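This is work.cif (mmCIF, C-alpha atoms and all ligand atoms).
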```cif
data_coords
#
loop_
_atom_site.label_atom_id
_atom_site.label_comp_id
_atom_site.auth_asym_id
_atom_site.auth_seq_id
_atom_site.Cartn_x
_atom_site.Cartn_y
_atom_site.Cartn_z
CA MET A 1 -75.07 110.42 -69.00
CA THR A 2 -75.13 109.64 -65.30
CA TRP A 3 -73.13 106.71 -64.03
CA THR A 4 -74.95 103.94 -62.19
CA ALA A 5 -73.40 101.07 -60.26
CA ASP A 6 -74.43 98.49 -62.85
CA GLN A 7 -71.87 100.07 -65.19
CA PRO A 8 -68.10 99.70 -64.71
CA ILE A 9 -66.76 102.10 -62.09
CA VAL A 10 -63.46 102.15 -63.98
CA SER A 11 -63.52 101.52 -67.70
CA ILE A 12 -60.30 101.36 -69.69
CA LYS A 13 -60.75 101.08 -73.44
CA LYS A 14 -57.95 100.45 -75.96
CA VAL A 15 -55.50 102.69 -74.16
CA HIS A 16 -52.25 103.57 -75.88
CA LYS A 17 -49.48 105.29 -73.97
CA SER A 18 -46.03 106.26 -75.20
CA PHE A 19 -43.05 107.93 -73.63
CA GLY A 20 -41.46 109.58 -76.66
CA THR A 21 -41.01 106.80 -79.19
CA LEU A 22 -41.42 104.03 -76.60
CA GLU A 23 -44.94 102.63 -76.71
CA VAL A 24 -45.59 101.28 -73.23
CA LEU A 25 -49.32 100.48 -73.43
CA LYS A 26 -50.50 99.01 -76.72
CA GLY A 27 -54.28 98.98 -76.59
CA VAL A 28 -55.13 97.93 -73.06
CA SER A 29 -58.79 97.36 -72.14
CA LEU A 30 -60.14 96.46 -68.73
CA ASP A 31 -63.39 97.06 -66.85
CA VAL A 32 -63.82 97.10 -63.09
CA MET A 33 -67.19 96.89 -61.37
CA LYS A 34 -67.92 98.60 -58.08
CA GLY A 35 -66.67 96.53 -55.14
CA GLU A 36 -64.38 94.35 -57.25
CA VAL A 37 -60.76 93.59 -56.47
CA ILE A 38 -58.57 93.43 -59.55
CA CYS A 39 -54.95 92.30 -59.50
CA ILE A 40 -52.54 93.20 -62.28
CA ILE A 41 -49.44 91.06 -62.46
CA GLY A 42 -46.63 90.75 -64.96
CA PRO A 43 -42.91 91.15 -65.50
CA SER A 44 -41.06 94.32 -64.57
CA GLY A 45 -41.29 96.96 -67.30
CA SER A 46 -44.51 95.56 -68.78
CA GLY A 47 -46.43 98.80 -68.11
CA LYS A 48 -48.30 98.01 -64.88
CA SER A 49 -47.37 101.23 -63.06
CA THR A 50 -47.93 103.28 -66.20
CA LEU A 51 -51.43 101.84 -66.57
CA ILE A 52 -52.38 102.48 -62.97
CA ARG A 53 -51.04 106.05 -63.18
CA CYS A 54 -53.19 106.65 -66.26
CA ILE A 55 -56.30 105.83 -64.22
CA ASN A 56 -55.86 108.78 -61.89
CA GLY A 57 -54.48 111.10 -64.53
CA LEU A 58 -50.84 111.08 -63.38
CA ASN A 59 -49.95 109.93 -66.91
CA ASP A 60 -51.58 111.22 -70.07
CA ILE A 61 -52.58 108.82 -72.86
CA GLN A 62 -52.23 108.98 -76.63
CA GLY A 63 -55.21 106.85 -77.59
CA GLY A 64 -58.30 105.18 -76.18
CA SER A 65 -60.21 106.31 -73.12
CA ILE A 66 -60.49 105.87 -69.39
CA THR A 67 -63.58 106.71 -67.38
CA VAL A 68 -64.10 106.70 -63.63
CA GLU A 69 -67.76 106.64 -62.61
CA GLY A 70 -68.58 107.59 -66.18
CA GLN A 71 -66.31 110.65 -66.15
CA GLU A 72 -63.63 110.85 -68.82
CA VAL A 73 -60.22 111.20 -67.12
CA HIS A 74 -58.20 112.33 -70.12
CA THR A 75 -60.05 115.43 -71.16
CA PRO A 76 -59.03 119.08 -70.89
CA ASP A 77 -62.04 119.94 -68.76
CA LEU A 78 -61.23 117.26 -66.16
CA ASP A 79 -62.04 118.32 -62.61
CA LYS A 80 -58.72 117.22 -61.09
CA LEU A 81 -59.76 117.69 -57.49
CA ALA A 82 -62.93 115.66 -58.01
CA LEU A 83 -60.85 112.84 -59.54
CA ARG A 84 -58.33 113.02 -56.71
CA ARG A 85 -61.15 112.62 -54.20
CA LYS A 86 -62.66 109.70 -56.06
CA VAL A 87 -59.48 107.73 -56.71
CA GLY A 88 -56.98 107.09 -53.91
CA MET A 89 -53.50 105.82 -54.66
CA VAL A 90 -50.84 104.14 -52.57
CA PHE A 91 -47.33 103.58 -53.89
CA GLN A 92 -44.39 101.39 -52.98
CA GLN A 93 -42.75 104.45 -51.36
CA TYR A 94 -45.11 105.71 -48.70
CA ASN A 95 -43.55 109.20 -48.49
CA LEU A 96 -45.13 110.29 -45.23
CA PHE A 97 -44.20 113.72 -43.93
CA PRO A 98 -41.43 112.87 -41.43
CA HIS A 99 -42.05 115.84 -39.13
CA LYS A 100 -45.77 115.19 -38.77
CA THR A 101 -47.30 112.50 -36.60
CA ALA A 102 -49.18 109.59 -38.11
CA LEU A 103 -52.49 111.27 -37.27
CA GLU A 104 -51.37 114.61 -38.75
CA ASN A 105 -50.32 112.83 -41.94
CA VAL A 106 -53.78 111.30 -42.24
CA MET A 107 -55.49 114.64 -41.54
CA MET A 108 -53.44 116.77 -43.88
CA ALA A 109 -55.21 116.48 -47.26
CA PRO A 110 -58.79 116.89 -45.99
CA VAL A 111 -57.76 119.93 -43.93
CA LYS A 112 -55.38 121.59 -46.41
CA VAL A 113 -56.87 120.55 -49.75
CA LEU A 114 -60.56 120.15 -48.97
CA ARG A 115 -60.59 122.73 -46.14
CA GLN A 116 -62.80 120.53 -44.04
CA ASN A 117 -63.46 121.20 -40.39
CA LYS A 118 -60.44 120.13 -38.35
CA ALA A 119 -62.37 118.50 -35.50
CA ASP A 120 -64.45 116.43 -37.96
CA VAL A 121 -61.35 115.41 -39.88
CA GLU A 122 -59.58 114.42 -36.67
CA ALA A 123 -62.46 112.20 -35.61
CA ARG A 124 -62.42 110.50 -39.01
CA ALA A 125 -58.63 110.20 -38.99
CA ARG A 126 -58.74 108.46 -35.60
CA ALA A 127 -61.35 106.04 -36.94
CA LEU A 128 -59.15 105.36 -39.97
CA MET A 129 -56.12 104.68 -37.76
CA LYS A 130 -58.26 102.09 -36.04
CA LYS A 131 -59.40 100.65 -39.35
CA VAL A 132 -55.79 100.08 -40.45
CA ARG A 133 -55.15 98.54 -37.03
CA LEU A 134 -52.85 101.28 -35.77
CA GLU A 135 -54.81 102.43 -32.76
CA GLY A 136 -52.32 103.81 -30.22
CA LYS A 137 -49.83 104.96 -32.90
CA GLU A 138 -51.62 108.23 -33.68
CA ASP A 139 -48.89 110.38 -32.10
CA SER A 140 -45.94 108.41 -33.45
CA TYR A 141 -43.70 109.95 -36.08
CA PRO A 142 -43.04 107.95 -39.28
CA GLY A 143 -39.46 107.29 -38.19
CA GLU A 144 -40.77 105.53 -35.09
CA LEU A 145 -42.91 103.11 -37.13
CA SER A 146 -42.01 99.96 -39.09
CA GLY A 147 -42.30 99.96 -42.87
CA GLY A 148 -45.56 98.05 -42.67
CA GLN A 149 -46.98 100.49 -40.13
CA GLN A 150 -45.94 103.47 -42.26
CA GLN A 151 -47.56 101.89 -45.29
CA ARG A 152 -50.78 101.47 -43.31
CA VAL A 153 -50.63 105.13 -42.33
CA ALA A 154 -50.26 105.89 -46.05
CA ILE A 155 -53.37 103.80 -46.75
CA ALA A 156 -55.30 105.65 -44.02
CA ARG A 157 -54.08 108.96 -45.47
CA SER A 158 -55.48 107.96 -48.84
CA LEU A 159 -58.78 106.80 -47.31
CA ALA A 160 -59.15 110.16 -45.57
CA MET A 161 -60.23 111.65 -48.90
CA ASN A 162 -63.09 109.17 -48.85
CA PRO A 163 -62.32 107.63 -52.27
CA ASP A 164 -64.57 105.28 -54.23
CA VAL A 165 -61.65 103.45 -55.83
CA MET A 166 -58.23 102.59 -54.42
CA LEU A 167 -55.14 101.98 -56.53
CA PHE A 168 -52.23 100.08 -54.98
CA ASP A 169 -48.93 99.89 -56.86
CA GLU A 170 -46.69 97.18 -55.37
CA VAL A 171 -47.33 98.54 -51.90
CA THR A 172 -45.62 95.61 -50.17
CA ALA A 173 -42.62 95.31 -52.50
CA ALA A 174 -40.27 97.38 -50.31
CA LEU A 175 -41.35 95.93 -46.96
CA ASP A 176 -39.67 93.43 -44.68
CA PRO A 177 -41.33 90.02 -45.11
CA GLU A 178 -42.72 90.09 -41.57
CA THR A 179 -44.66 93.32 -42.15
CA VAL A 180 -46.01 92.43 -45.60
CA LYS A 181 -48.83 90.39 -44.12
CA GLU A 182 -50.25 93.17 -41.93
CA VAL A 183 -50.52 95.45 -44.98
CA LEU A 184 -52.22 92.71 -47.00
CA VAL A 185 -54.65 92.15 -44.11
CA THR A 186 -55.50 95.86 -44.17
CA ILE A 187 -56.23 95.70 -47.90
CA LYS A 188 -58.27 92.54 -47.36
CA ASP A 189 -60.33 94.36 -44.71
CA LEU A 190 -61.00 97.16 -47.18
CA ALA A 191 -61.99 94.73 -49.92
CA ALA A 192 -64.34 92.94 -47.51
CA GLU A 193 -66.05 96.26 -46.82
CA GLY A 194 -66.72 96.62 -50.53
CA MET A 195 -63.98 99.06 -51.54
CA THR A 196 -63.13 98.82 -55.23
CA CYS A 197 -59.43 97.97 -55.38
CA ILE A 198 -57.02 97.81 -58.31
CA LEU A 199 -53.69 96.36 -57.27
CA VAL A 200 -50.39 95.76 -58.95
CA THR A 201 -48.87 93.00 -56.87
CA HIS A 202 -46.52 90.06 -56.86
CA GLU A 203 -48.26 88.53 -53.86
CA MET A 204 -49.78 85.54 -55.60
CA GLY A 205 -51.31 84.03 -52.46
CA PHE A 206 -53.13 87.30 -51.84
CA ALA A 207 -54.22 87.57 -55.48
CA ARG A 208 -55.58 84.04 -55.45
CA GLU A 209 -57.47 84.60 -52.22
CA VAL A 210 -58.79 88.14 -52.61
CA ALA A 211 -58.95 89.05 -56.31
CA ASP A 212 -62.14 88.75 -58.31
CA HIS A 213 -60.17 88.96 -61.50
CA ILE A 214 -56.50 88.78 -62.45
CA TYR A 215 -54.86 90.43 -65.45
CA PHE A 216 -51.45 89.44 -66.73
CA THR A 217 -49.58 92.10 -68.69
CA ASP A 218 -46.51 91.65 -70.86
CA ARG A 219 -44.86 94.31 -72.99
CA GLY A 220 -47.82 96.64 -72.92
CA VAL A 221 -50.63 94.21 -73.63
CA ILE A 222 -52.92 92.10 -71.48
CA VAL A 223 -52.05 88.60 -72.60
CA GLU A 224 -54.35 86.71 -70.27
CA HIS A 225 -57.01 87.35 -67.67
CA GLY A 226 -59.57 85.50 -65.63
CA PRO A 227 -60.85 84.73 -62.15
CA PRO A 228 -58.08 83.33 -59.88
CA ALA A 229 -59.07 79.67 -60.15
CA THR A 230 -58.97 79.73 -63.94
CA PHE A 231 -56.01 82.05 -64.12
CA PHE A 232 -53.67 80.13 -61.83
CA ASP A 233 -54.68 76.63 -62.78
CA GLU A 234 -55.42 76.95 -66.46
CA ALA A 235 -53.16 79.73 -67.73
CA SER A 236 -52.61 78.91 -71.36
CA ASP A 237 -50.38 81.69 -72.65
CA PRO A 238 -46.72 80.61 -72.54
CA ARG A 239 -45.62 84.00 -71.17
CA THR A 240 -48.05 83.68 -68.26
CA GLN A 241 -46.93 80.13 -67.60
CA GLU A 242 -43.29 81.14 -67.61
CA PHE A 243 -43.95 84.03 -65.22
CA LEU A 244 -46.00 81.93 -62.83
CA GLY A 245 -43.39 79.18 -63.02
CA GLN A 246 -40.74 81.62 -61.80
CA ILE A 247 -42.81 83.12 -59.05
CA LEU A 248 -44.93 80.35 -57.55
P1 LIG B 1 -43.91 98.07 -64.55
O1 LIG B 1 -44.63 98.86 -63.51
O2 LIG B 1 -44.72 96.98 -65.16
O3 LIG B 1 -42.59 97.57 -64.07
P2 LIG B 1 -43.66 100.62 -65.89
O4 LIG B 1 -45.05 101.01 -66.21
O5 LIG B 1 -43.03 101.27 -64.72
O6 LIG B 1 -43.57 99.03 -65.78
O7 LIG B 1 -42.72 100.90 -67.11
C1 LIG B 1 -43.03 100.45 -68.44
C2 LIG B 1 -41.99 100.99 -69.40
O8 LIG B 1 -42.14 102.41 -69.49
C3 LIG B 1 -40.54 100.76 -68.97
O9 LIG B 1 -39.80 100.50 -70.13
C4 LIG B 1 -40.15 102.08 -68.37
O10 LIG B 1 -38.77 102.28 -68.48
C5 LIG B 1 -40.93 103.08 -69.19
N1 LIG B 1 -41.27 104.31 -68.44
C6 LIG B 1 -42.03 104.38 -67.33
N2 LIG B 1 -42.17 105.65 -66.91
C7 LIG B 1 -41.47 106.41 -67.81
C8 LIG B 1 -41.23 107.82 -67.92
N3 LIG B 1 -41.75 108.71 -67.08
N4 LIG B 1 -40.48 108.22 -68.97
C9 LIG B 1 -39.96 107.34 -69.86
N5 LIG B 1 -40.16 106.01 -69.79
C10 LIG B 1 -40.89 105.54 -68.78
MG MG B 2 -44.19 99.24 -61.52
#
```

In structure tokens, write the structure found in this file.
Ligand code: ADP
Ligand code: MG
Amino acid sequence: MTWTADQPIVSIKKVHKSFGTLEVLKGVSLDVMKGEVICIIGPSGSGKSTLIRCINGLNDIQGGSITVEGQEVHTPDLDKLALRRKVGMVFQQYNLFPHKTALENVMMAPVKVLRQNKADVEARARALMKKVRLEGKEDSYPGELSGGQQQRVAIARSLAMNPDVMLFDEVTAALDPETVKEVLVTIKDLAAEGMTCILVTHEMGFAREVADHIYFTDRGVIVEHGPPATFFDEASDPRTQEFLGQIL
């Protein structure tokens, strides 16, 4: 069956995930349409990172299914490279190569993994540096950049693979408050261009403004979800209310 854009680009159905005897995801279902921005929020330890890592195959699952553009992720005949190209991921720790410049960091995967032409990749990498608003920092080393700037290089590095979906796992959680905004602006730019984004975030202002849909997880289940207006103003589950009460 070929995937078409009127079907979910990411479809998560009744996913169960355990680490040993600890069941971390207890039947999670969630669909994302192309171009949507989805925010996943919830208390620490509720399984948000685990879920997002299942989407790009970094975690295996014990039940249910996940498809990306109609392709089953958790299957022995998965084309890992194809999935890696389709789904970009940015973490809290940006882990840039310290001895490579910002531009070299962005160029690395397309040159080394995809063996694309270096001149073409460089031209694209320069455009991506501009897109993340880091024009002029191409030759800087990570150590010369602020946390927010490094995180934007990490986003550009991920975009260099030309993904269809971007996963962001608390990408601003480790940043100084003054650089959080510039990273959120970058993600907002991407969303405005129609990039499908799945974010784990505690930035409620951002979620309210940018998300199409918000999911609240607690202890491995989605307890509540809805568009921001409904979610923030009419949350009915006591766990959601308690969480929002602490954070807002
Ligand atoms: P969140 O991102 O919502 O804070 P996580 O998905 O990181 O939550 O973790 C959910 C639960 O799974 C936690 O109890 C955590 O300790 C456990 N967990 C996560 N990764 C592993 C792992 N690799 N091995 C064992 N337990 C893990
Ligand atoms: Mg996490």

Exercise. Mind pulling up the distance from atom CA of Val183 of chain A to atom CA of Ser44 of chain A?
Worked result: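 Atom-to-atom, atom CA of Ser44 of chain A and atom CA of Val183 of chain A are spaced 21.8 Å apart.
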
Enumerate residues in contact with ligand MG 2 (chain B): an atom-to-atom distance of at most 8 Å, counting all atoms listed in the file. Format the result as a CSV table (one decimal) with C-alpha atoms, in the frame of the given file.
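For reference, result.csv as written:
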```csv
chain,number,residue,atom,x,y,z
A,44,SER,CA,-41.1,94.3,-64.6
A,45,GLY,CA,-41.3,97.0,-67.3
A,47,GLY,CA,-46.4,98.8,-68.1
A,48,LYS,CA,-48.3,98.0,-64.9
A,49,SER,CA,-47.4,101.2,-63.1
A,50,THR,CA,-47.9,103.3,-66.2
A,169,ASP,CA,-48.9,99.9,-56.9
A,170,GLU,CA,-46.7,97.2,-55.4
A,200,VAL,CA,-50.4,95.8,-59.0
```

Exercise. Which protein, DNA or RNA residues have an atom within 10 Å of ligand LIG 1 (chain B), counting only C-alpha atoms and all ligand atoms, as a PyMOL selection string?
Worked result: chain A and resi 17-25+40-54+59+169-170+200-201+217-220

Problem set entry | Closest of A:Leu199, A:Ala235, A:Ile187, A:Met89 to Pro163 of chain A - atom-to-atom distances counting only C-alpha atoms |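 Nearest to Pro163 of chain A: A:Met89.
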
For this session: Provide the atom CA of Asn95 of chain A to atom CA of Pro142 of chain A distance in Å, to one decimal place.
Result: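 Taking atom CA of Asn95 of chain A as the start and atom CA of Pro142 of chain A as the end point, the length is 9.3 Å.
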
For this session: For each of A:Pro238, A:Met107, A:Ile61, A:Thr101, take the minimum atom-to-atom distance to Ala127 of chain A, counting only C-alpha atoms, then give the residue where this is smallest.
Result: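 For Ala127 of chain A, the nearest of the candidates is A:Met107.
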
Exercise. What does the distance between atom CA of Thr186 of chain A and atom CA of Ile222 of chain A come to in Å, to one decimal place?
Worked result: 27.7 Å

Exercise. Within 12 Å of Ile66 of chain A, counting only C-alpha atoms, which residues qualify if same-chain residues fewer than 3 places away don't, as a PyMOL selection string?
Worked result: chain A and resi 8-17+27-32+51-57+59-63+69-75+78

Problem set entry | Residue nearest Ala102 of chain A among A:Thr2, A:Leu244, A:Asp120, A:Ile155 (counting all atoms listed in the file) | A:Ile155

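Nearest to Thr230 of chain A of all the residues A:Leu190, A:Phe243, A:Ile214, A:Arg133 is A:Ile214, counting all atoms listed in the file.
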
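Proximity ranking of A:Pro76, A:Gly245, A:Gly88, A:Gly143 relative to Phe232 of chain A places A:Gly245 first, based on all atoms listed in the file.
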
For this session: Would you please work out which residue, of A:Lys80, A:Arg124, A:Arg157, A:Lys130, is nearest to Asn105 of chain A when using all atoms listed in the file?
Result: A:Arg157

With a distance cut-off of 10 Å and only C-alpha atoms, select the neighbouring residues of Val185 of chain A, excluding the residue or stretch itself and same-chain residues fewer than 6 positions from it, and output the selection as an mmCIF file with C-alpha atoms, keeping the file's coordinate frame.
```cif
data_model
loop_
_atom_site.group_PDB
_atom_site.id
_atom_site.type_symbol
_atom_site.label_atom_id
_atom_site.label_comp_id
_atom_site.auth_asym_id
_atom_site.auth_seq_id
_atom_site.Cartn_x
_atom_site.Cartn_y
_atom_site.Cartn_z
ATOM 1 C CA VAL A 132 -55.790 100.080 -40.450
ATOM 2 C CA ARG A 133 -55.150 98.540 -37.030
ATOM 3 C CA ALA A 191 -61.990 94.730 -49.920
ATOM 4 C CA PHE A 206 -53.130 87.300 -51.840
#
```

Problem set entry | Selection: 7 Å around Ile198 of chain A, all atoms listed in the file, excl. self and same-chain fewer than 5 positions, as a ChimeraX atom specification | /A:37-39,166-168

Those selected residues, please, written with C-alpha atoms and delivered as a PDB file, in the frame of the given file.
```pdb
ATOM      1  CA  VAL A  37     -60.760  93.590 -56.470  1.00  0.00           C
ATOM      2  CA  ILE A  38     -58.570  93.430 -59.550  1.00  0.00           C
ATOM      3  CA  CYS A  39     -54.950  92.300 -59.500  1.00  0.00           C
ATOM      4  CA  MET A 166     -58.230 102.590 -54.420  1.00  0.00           C
ATOM      5  CA  LEU A 167     -55.140 101.980 -56.530  1.00  0.00           C
ATOM      6  CA  PHE A 168     -52.230 100.080 -54.980  1.00  0.00           C
TER       7      PHE A 168
END
```

For this session: Please identify all polymer residues within 7 Å of Val171 of chain A, counting only C-alpha atoms, omitting same-chain residues fewer than 3 positions from it, and present them as a ChimeraX atom specification.
Result: /A:90-92,168

Phe231 of chain A surroundings by all atoms listed in the file, 10 Å radius, close-in-sequence under 4 positions cut, as a compact mmCIF listing (two decimals) with C-alpha atoms, in the frame of the given file:
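Contents of the output file out31.txt:
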```txt
# COMPACT_ATOMS: atom_id res chain seq x y z
CA ARG A 208 -55.58 84.04 -55.45
CA HIS A 213 -60.17 88.96 -61.50
CA ILE A 214 -56.50 88.78 -62.45
CA TYR A 215 -54.86 90.43 -65.45
CA PHE A 216 -51.45 89.44 -66.73
CA GLU A 224 -54.35 86.71 -70.27
CA HIS A 225 -57.01 87.35 -67.67
CA GLY A 226 -59.57 85.50 -65.63
CA PRO A 227 -60.85 84.73 -62.15
CA ALA A 235 -53.16 79.73 -67.73
CA SER A 236 -52.61 78.91 -71.36
CA THR A 240 -48.05 83.68 -68.26
CA GLN A 241 -46.93 80.13 -67.60
```
